[in-house]
>>> print(open('work-v1.cif').read())   # mmCIF, C-alpha atoms
data_input
loop_
_atom_site.label_atom_id
_atom_site.label_comp_id
_atom_site.auth_asym_id
_atom_site.auth_seq_id
_atom_site.Cartn_x
_atom_site.Cartn_y
_atom_site.Cartn_z
CA MET B 30 1.96 0.49 24.84
CA PRO B 31 1.53 2.18 21.44
CA LEU B 32 -1.59 1.39 19.47
CA ASP B 33 -1.13 -0.84 16.46
CA PRO B 34 -1.14 1.31 13.28
CA SER B 35 -2.46 -1.64 11.27
CA PHE B 36 -5.89 -0.82 12.76
CA VAL B 37 -6.09 2.33 10.59
CA GLY B 38 -8.94 1.88 8.11
CA ARG B 39 -10.67 -0.83 10.12
CA THR B 40 -14.46 -0.57 10.01
CA TYR B 41 -16.62 -2.27 12.64
CA PRO B 42 -20.03 -3.89 12.07
CA PRO B 43 -23.01 -1.48 12.28
CA THR B 44 -24.40 -1.02 15.80
CA ALA B 45 -27.91 -1.97 16.92
CA PRO B 46 -30.43 0.80 16.09
CA TYR B 47 -30.84 3.68 18.58
CA GLN B 48 -34.43 4.94 18.75
CA VAL B 49 -34.45 8.73 19.15
CA GLY B 50 -37.28 9.65 21.50
CA ARG B 51 -39.04 13.00 21.63
CA GLU B 52 -38.63 13.17 25.41
CA LYS B 53 -34.89 12.43 25.14
CA ILE B 54 -34.45 15.38 22.78
CA ARG B 55 -36.47 17.59 25.14
CA GLU B 56 -34.42 16.37 28.13
CA PHE B 57 -31.11 17.00 26.35
CA ALA B 58 -32.22 20.43 25.09
CA SER B 59 -33.35 21.39 28.61
CA ALA B 60 -30.05 20.20 30.10
CA ILE B 61 -28.09 22.56 27.84
CA GLY B 62 -30.63 25.38 28.18
CA ALA B 63 -31.71 25.25 24.53
CA THR B 64 -35.17 26.80 24.61
CA ASP B 65 -35.95 27.09 20.89
CA PRO B 66 -39.47 25.70 20.43
CA ALA B 67 -38.30 23.40 17.61
CA HIS B 68 -36.47 21.29 20.25
CA HIS B 69 -39.61 20.93 22.35
CA ASP B 70 -42.77 21.41 20.32
CA PRO B 71 -43.49 19.10 17.34
CA GLU B 72 -45.66 21.80 15.71
CA ALA B 73 -42.78 24.30 15.83
CA ALA B 74 -40.49 21.67 14.29
CA ARG B 75 -43.02 20.90 11.54
CA ALA B 76 -43.21 24.61 10.74
CA LEU B 77 -39.49 24.35 9.89
CA GLY B 78 -40.16 21.31 7.69
CA HIS B 79 -39.17 18.53 10.12
CA PRO B 80 -41.34 15.55 11.02
CA ASP B 81 -40.85 15.95 14.79
CA VAL B 82 -38.75 17.83 17.36
CA VAL B 83 -35.20 18.69 16.23
CA ALA B 84 -32.16 17.68 18.29
CA PRO B 85 -29.49 20.26 19.19
CA PRO B 86 -26.25 19.96 17.16
CA THR B 87 -24.28 17.94 19.73
CA PHE B 88 -27.11 15.49 20.54
CA PRO B 89 -25.64 12.77 18.25
CA VAL B 90 -22.77 12.32 20.71
CA ILE B 91 -25.20 10.38 22.94
CA VAL B 92 -25.43 7.80 20.19
CA THR B 93 -21.84 7.90 18.95
CA MET B 94 -20.20 7.85 22.39
CA ALA B 95 -22.05 4.65 23.23
CA ALA B 96 -21.21 3.23 19.79
CA SER B 97 -17.51 4.09 20.08
CA SER B 98 -17.14 1.55 22.88
CA GLN B 99 -16.78 -0.89 19.97
CA ILE B 100 -13.37 0.69 19.32
CA ILE B 101 -12.36 1.90 22.78
CA GLU B 102 -13.11 -1.49 24.33
CA ASP B 103 -11.78 -3.59 21.46
CA PRO B 104 -9.36 -5.88 23.33
CA ALA B 105 -7.32 -6.34 20.15
CA LEU B 106 -6.69 -2.57 19.93
CA GLY B 107 -6.04 -2.34 23.69
CA VAL B 108 -6.85 1.29 24.55
CA ASP B 109 -6.12 2.08 28.22
CA TYR B 110 -9.40 3.80 29.11
CA SER B 111 -7.98 5.30 32.31
CA ARG B 112 -5.52 7.32 30.21
CA LEU B 113 -8.03 8.39 27.56
CA VAL B 114 -8.68 12.12 27.09
CA HIS B 115 -11.17 13.56 24.62
CA GLY B 116 -9.15 15.84 22.35
CA ASP B 117 -11.31 16.91 19.40
CA GLN B 118 -14.89 16.51 18.30
CA ARG B 119 -16.46 17.34 14.95
CA PHE B 120 -19.87 16.86 13.32
CA ALA B 121 -20.79 17.16 9.63
CA TYR B 122 -24.56 17.09 9.23
CA THR B 123 -26.59 15.89 6.27
CA ARG B 124 -29.65 16.87 8.30
CA PRO B 125 -30.47 17.35 11.98
CA VAL B 126 -31.45 14.35 14.09
CA VAL B 127 -35.20 14.36 14.74
CA ALA B 128 -37.44 12.40 17.10
CA GLY B 129 -38.48 9.11 15.56
CA ASP B 130 -35.12 8.49 13.90
CA GLU B 131 -33.72 4.99 14.27
CA LEU B 132 -29.99 5.51 14.02
CA VAL B 133 -27.27 3.03 13.19
CA CYS B 134 -23.57 3.82 13.71
CA THR B 135 -20.72 2.52 11.59
CA ASN B 136 -17.35 3.10 13.26
CA THR B 137 -14.06 3.40 11.43
CA ILE B 138 -10.58 3.96 12.82
CA GLU B 139 -9.26 6.84 10.72
CA ASP B 140 -5.90 7.36 12.33
CA VAL B 141 -3.59 5.95 14.95
CA SER B 142 -0.37 7.71 15.81
CA ALA B 143 2.10 8.40 18.61
CA ARG B 144 3.93 11.61 19.41
CA GLY B 145 5.76 12.93 22.44
CA GLY B 146 5.03 9.78 24.41
CA HIS B 147 1.27 10.06 23.87
CA GLY B 148 -0.97 8.01 21.61
CA PHE B 149 -3.59 9.53 19.33
CA LEU B 150 -6.70 7.80 18.01
CA THR B 151 -9.11 9.33 15.50
CA THR B 152 -12.46 7.66 14.95
CA ARG B 153 -15.15 8.39 12.40
CA THR B 154 -18.72 7.34 13.06
CA ASP B 155 -21.17 7.44 10.16
CA VAL B 156 -24.65 7.81 11.60
CA SER B 157 -27.48 6.80 9.29
CA THR B 158 -31.07 5.68 9.60
CA VAL B 159 -31.94 1.99 9.56
CA GLY B 160 -33.12 2.67 5.99
CA GLY B 161 -29.60 3.77 5.03
CA GLU B 162 -30.20 7.53 4.85
CA PRO B 163 -27.07 9.38 5.99
CA VAL B 164 -27.73 11.80 8.88
CA VAL B 165 -24.42 12.93 10.36
CA ALA B 166 -20.74 12.01 10.26
CA VAL B 167 -18.97 12.36 13.59
CA TRP B 168 -15.23 12.47 14.26
CA ALA B 169 -13.58 12.15 17.64
CA ARG B 170 -9.88 12.37 18.40
CA TYR B 171 -8.62 10.90 21.62
CA VAL B 172 -5.30 11.32 23.36
CA ILE B 173 -4.01 8.32 25.27
CA ARG B 174 -1.67 9.91 27.78
CA GLY B 175 1.72 8.25 28.09
CA GLU B 176 3.04 6.81 31.33
CA ALA B 177 4.47 9.64 33.45
CA MET I 5 -17.40 40.76 11.22
CA GLU I 6 -17.69 40.02 14.95
CA LEU I 7 -20.88 38.47 16.29
CA PRO I 8 -22.38 39.61 19.62
CA ALA I 9 -20.84 37.81 22.63
CA GLN I 10 -22.97 35.32 24.55
CA THR I 11 -22.34 34.26 28.14
CA PHE I 12 -23.33 30.99 29.79
CA GLN I 13 -23.30 30.36 33.51
CA VAL I 14 -22.26 26.83 34.49
CA THR I 15 -22.97 25.41 37.95
CA ARG I 16 -22.54 21.94 39.48
CA ALA I 17 -26.27 21.42 39.07
CA ASP I 18 -25.88 21.98 35.31
CA LEU I 19 -23.18 19.30 35.18
CA VAL I 20 -25.37 16.81 37.04
CA ARG I 21 -28.27 17.53 34.68
CA TYR I 22 -26.00 17.18 31.64
CA ALA I 23 -24.57 13.91 32.96
CA GLY I 24 -28.07 12.48 33.23
CA ALA I 25 -29.23 13.75 29.86
CA SER I 26 -26.10 12.69 27.97
CA GLY I 27 -25.30 9.46 29.79
CA ASP I 28 -21.73 10.63 30.55
CA PHE I 29 -21.28 9.76 34.22
CA ASN I 30 -17.51 10.13 34.39
CA PRO I 31 -16.98 11.09 38.09
CA ILE I 32 -14.48 13.87 37.24
CA HIS I 33 -17.63 15.84 36.32
CA TRP I 34 -19.28 15.46 39.74
CA SER I 35 -16.78 14.25 42.36
CA ASP I 36 -14.02 16.54 43.66
CA ARG I 37 -12.45 13.48 45.27
CA VAL I 38 -12.04 11.69 41.95
CA ALA I 39 -11.15 14.87 40.01
CA THR I 40 -8.30 15.78 42.36
CA THR I 41 -7.08 12.18 42.45
CA VAL I 42 -6.42 12.35 38.69
CA GLY I 43 -4.62 15.68 39.03
CA LEU I 44 -7.41 18.14 38.21
CA PRO I 45 -7.94 21.22 40.40
CA GLY I 46 -11.53 20.06 41.03
CA VAL I 47 -14.69 19.02 39.20
CA ILE I 48 -14.60 20.07 35.54
CA ALA I 49 -17.38 20.49 33.00
CA HIS I 50 -17.85 17.81 30.36
CA GLY I 51 -16.06 18.97 27.21
CA MET I 52 -19.22 18.03 25.34
CA PHE I 53 -21.26 20.27 27.67
CA THR I 54 -19.04 23.23 26.77
CA MET I 55 -19.38 22.23 23.12
CA ALA I 56 -23.18 22.09 23.52
CA LEU I 57 -23.30 25.59 25.04
CA VAL I 58 -21.13 26.93 22.22
CA GLY I 59 -23.48 25.12 19.83
CA ARG I 60 -26.37 27.05 21.38
CA ALA I 61 -24.50 30.28 20.67
CA VAL I 62 -23.95 29.14 17.07
CA THR I 63 -27.63 28.29 16.48
CA GLU I 64 -28.55 31.61 18.11
CA TRP I 65 -26.30 33.48 15.67
CA ALA I 66 -27.65 31.36 12.81
CA GLY I 67 -31.17 32.32 13.80
CA SER I 68 -32.44 28.75 13.42
CA PRO I 69 -31.97 25.53 15.44
CA ASP I 70 -31.45 23.45 12.28
CA ALA I 71 -28.98 25.67 10.40
CA VAL I 72 -25.68 24.10 11.51
CA VAL I 73 -23.96 22.20 8.70
CA GLU I 74 -20.60 21.49 10.30
CA TYR I 75 -19.24 22.05 13.80
CA GLY I 76 -15.92 21.08 15.34
CA VAL I 77 -13.74 21.97 18.32
CA ARG I 78 -10.53 21.00 20.08
CA PHE I 79 -10.67 20.84 23.88
CA THR I 80 -7.59 22.66 25.17
CA ARG I 81 -8.27 23.60 28.78
CA PRO I 82 -10.68 22.22 31.38
CA VAL I 83 -13.56 24.38 32.65
CA VAL I 84 -13.32 24.12 36.43
CA VAL I 85 -16.72 24.49 38.11
CA PRO I 86 -16.62 25.46 41.81
CA ASP I 87 -19.16 24.01 44.22
CA ASP I 88 -21.11 27.21 44.89
CA ASP I 89 -24.26 28.87 43.59
CA GLN I 90 -22.47 30.96 40.96
CA GLY I 91 -20.30 28.26 39.41
CA THR I 92 -18.36 29.74 36.52
CA GLU I 93 -19.00 31.46 33.22
CA ILE I 94 -18.15 30.66 29.61
CA GLU I 95 -18.05 33.55 27.19
CA VAL I 96 -18.50 32.80 23.50
CA THR I 97 -17.67 35.12 20.63
CA ALA I 98 -17.30 34.50 16.91
CA ARG I 99 -15.97 36.09 13.78
CA VAL I 100 -17.34 35.50 10.29
CA ARG I 101 -14.49 34.03 8.24
CA GLU I 102 -16.33 33.56 4.99
CA VAL I 103 -19.74 33.82 3.37
CA THR I 104 -19.85 31.48 0.38
CA GLU I 105 -21.86 31.92 -2.81
CA ASP I 106 -23.74 28.69 -2.15
CA GLY I 107 -25.30 30.09 1.03
CA LEU I 108 -22.94 29.05 3.80
CA THR I 109 -21.33 31.17 6.51
CA ARG I 110 -18.14 29.95 8.15
CA LEU I 111 -17.51 31.08 11.74
CA GLU I 112 -14.35 31.09 13.83
CA VAL I 113 -15.55 30.71 17.41
CA THR I 114 -13.75 31.63 20.65
CA ALA I 115 -14.83 30.28 24.04
CA THR I 116 -13.19 31.57 27.20
CA CYS I 117 -13.53 30.89 30.92
CA LEU I 118 -11.93 33.33 33.38
CA GLY I 119 -10.18 34.97 30.43
CA GLU I 120 -8.53 31.76 29.20
CA LYS I 121 -9.42 30.01 25.95
CA VAL I 122 -10.98 26.61 26.64
CA LEU I 123 -11.32 25.55 22.99
CA SER I 124 -9.14 25.94 19.95
CA GLN I 125 -9.89 25.36 16.27
CA ALA I 126 -13.56 25.94 17.09
CA ARG I 127 -15.32 26.34 13.78
CA ALA I 128 -18.86 26.15 12.60
CA THR I 129 -20.48 26.33 9.20
CA ILE I 130 -24.07 27.52 9.16
CA ARG I 131 -26.59 28.16 6.42
CA THR I 132 -26.63 31.89 5.82
CA ALA I 133 -29.82 33.44 7.17
CA ARG I 134 -32.11 34.68 4.38
#
>>> encode(input="work-v1.cif", output="structure tokens")
Amino acid sequence: MPLDPSFVGRTYPPTAPYQVGREKIREFASAIGATDPAHHDPEAARALGHPDVVAPPTFPVIVTMAASSQIIEDPALGVDYSRLVHGDQRFAYTRPVVAGDELVCTNTIEDVSARGGHGFLTTRTDVSTVGGEPVVAVWARYVIRGEA
Amino acid sequence: MELPAQTFQVTRADLVRYAGASGDFNPIHWSDRVATTVGLPGVIAHGMFTMALVGRAVTEWAGSPDAVVEYGVRFTRPVVVPDDDQGTEIEVTARVREVTEDGLTRLEVTATCLGEKVLSQARATIRTAR
């Protein structure tokens, strides 16, 4: 069933804050083999002008993927999760995420379309601190595969 | 200008570690049974794991872990990871498209696995190293 185009432009209520832990950044950096000391050692991060360890560029997806369930699981939109494929991903950073950040996500549906029997859904997640400082804007485009 | 190629080995153990660290426990990234049921040749890497490895290459080229200003990719082909000690390999190269006057460098990135491109429209903007 095609997604309802009237959802384009819909913005969801901000998510509950996500507390970025130093150990989570270290764990994520280790999992992707990122050995730069700024991901692991607060002193090295401070030498670069950051208050604590710096997250690798794709770290925010931990926060935004959880937040996007607001859209993906919105019964009114009706996305069939079993047919969902991650198509595109993009990040535009105001600054890197650092340990100690408390991040809030605001999700918006930017585009809904259908082509060749498949549905397409583009979401934008504005990630900011609880104090309202913008950190990173994250776009994801999903393909909802049509029935074979 | 072409930047020096970087190669990343990817094994099943890496996928398990990434699943835990990222919270993405989709079984197509650890169960051959589930992966083949949905029509894949076998367990595939998380697209976001490939993107993270390419992000490592980008920060390496940038010379600083905090120099990435914008980064985007399209996932075009799955990275199949065999259940052996070698796994597979992702090779990442990049070309400098533009160096702007306000201190940004735009890269066009290519990521391949077994000679096939696994990403398209892979682009990163980094602060130009001083």
>>> resolve_selection(input="work-v1.cif", expression="the PyMOL selection byres ((chain B) within 7 of (chain I))", output="mmCIF file with C-alpha atoms, in the coordinates of the input")
data_model
loop_
_atom_site.group_PDB
_atom_site.id
_atom_site.type_symbol
_atom_site.label_atom_id
_atom_site.label_comp_id
_atom_site.auth_asym_id
_atom_site.auth_seq_id
_atom_site.Cartn_x
_atom_site.Cartn_y
_atom_site.Cartn_z
ATOM 1 C CA GLU B 56 -34.420 16.370 28.130
ATOM 2 C CA PHE B 57 -31.110 17.000 26.350
ATOM 3 C CA ALA B 60 -30.050 20.200 30.100
ATOM 4 C CA ILE B 61 -28.090 22.560 27.840
ATOM 5 C CA ALA B 63 -31.710 25.250 24.530
ATOM 6 C CA ASP B 65 -35.950 27.090 20.890
ATOM 7 C CA PRO B 85 -29.490 20.260 19.190
ATOM 8 C CA PRO B 86 -26.250 19.960 17.160
ATOM 9 C CA THR B 87 -24.280 17.940 19.730
ATOM 10 C CA ILE B 91 -25.200 10.380 22.940
ATOM 11 C CA GLY B 116 -9.150 15.840 22.350
ATOM 12 C CA ASP B 117 -11.310 16.910 19.400
ATOM 13 C CA GLN B 118 -14.890 16.510 18.300
ATOM 14 C CA ARG B 119 -16.460 17.340 14.950
ATOM 15 C CA PHE B 120 -19.870 16.860 13.320
ATOM 16 C CA ALA B 121 -20.790 17.160 9.630
ATOM 17 C CA TYR B 122 -24.560 17.090 9.230
ATOM 18 C CA PRO B 125 -30.470 17.350 11.980
#
>>> resolve_selection(input="work-v1.cif", expression="the PyMOL selection byres ((chain B and resi 172) around 7)", output="NGL selection string")
:B and (113-116 or 147-150 or 170-171 or 173-174)
>>> closest_residue(input="work-v1.cif", among="I:Arg110, I:His33, I:Arg81, I:Arg131", to="I:Gly46", atoms="only C-alpha atoms")
I:His33
>>> resolve_selection(input="work-v1.cif", expression="the PyMOL selection byres ((chain B and resi 160) around 10)", output="list in words")
Glu131, Leu132, Val133, Ser157, Thr158, Val159, Gly161, Glu162 and Pro163 of chain B
>>> write_last_selection(input="work-v1.cif", atoms="C-alpha atoms", output="PDB file, keeping the file's coordinate frame")
ATOM      1  CA  GLU B 131     -33.720   4.990  14.270  1.00  0.00           C
ATOM      2  CA  LEU B 132     -29.990   5.510  14.020  1.00  0.00           C
ATOM      3  CA  VAL B 133     -27.270   3.030  13.190  1.00  0.00           C
ATOM      4  CA  SER B 157     -27.480   6.800   9.290  1.00  0.00           C
ATOM      5  CA  THR B 158     -31.070   5.680   9.600  1.00  0.00           C
ATOM      6  CA  VAL B 159     -31.940   1.990   9.560  1.00  0.00           C
ATOM      7  CA  GLY B 161     -29.600   3.770   5.030  1.00  0.00           C
ATOM      8  CA  GLU B 162     -30.200   7.530   4.850  1.00  0.00           C
ATOM      9  CA  PRO B 163     -27.070   9.380   5.990  1.00  0.00           C
TER      10      PRO B 163
END
>>> closest_residue(input="work-v1.cif", among="B:Cys134, B:Glu176, B:Ala84, B:Leu77", to="B:Ser98", atoms="all atoms listed in the file")
B:Cys134
>>> atom_distance(input="work-v1.cif", atom1="atom CA of B:Glu72", atom2="atom CA of I:Leu108")
26.7 Å
>>> residues_near_point(input="work-v1.cif", point="(-25.8, -2.1, 15.9)", cutoff="9 Å", atoms="all atoms listed in the file", output="PyMOL selection string")
chain B and resi 42-47+96+132-135
>>> atom_distance(input="work-v1.cif", atom1="atom CA of B:Val126", atom2="atom CA of B:Val165")
8.1 Å
>>> residues_around(input="work-v1.cif", residues="B:Asn136", least_positions_apart="4", cutoff="7 Å", atoms="only C-alpha atoms", output="PyMOL selection string")
chain B and resi 40-41+97+152-155
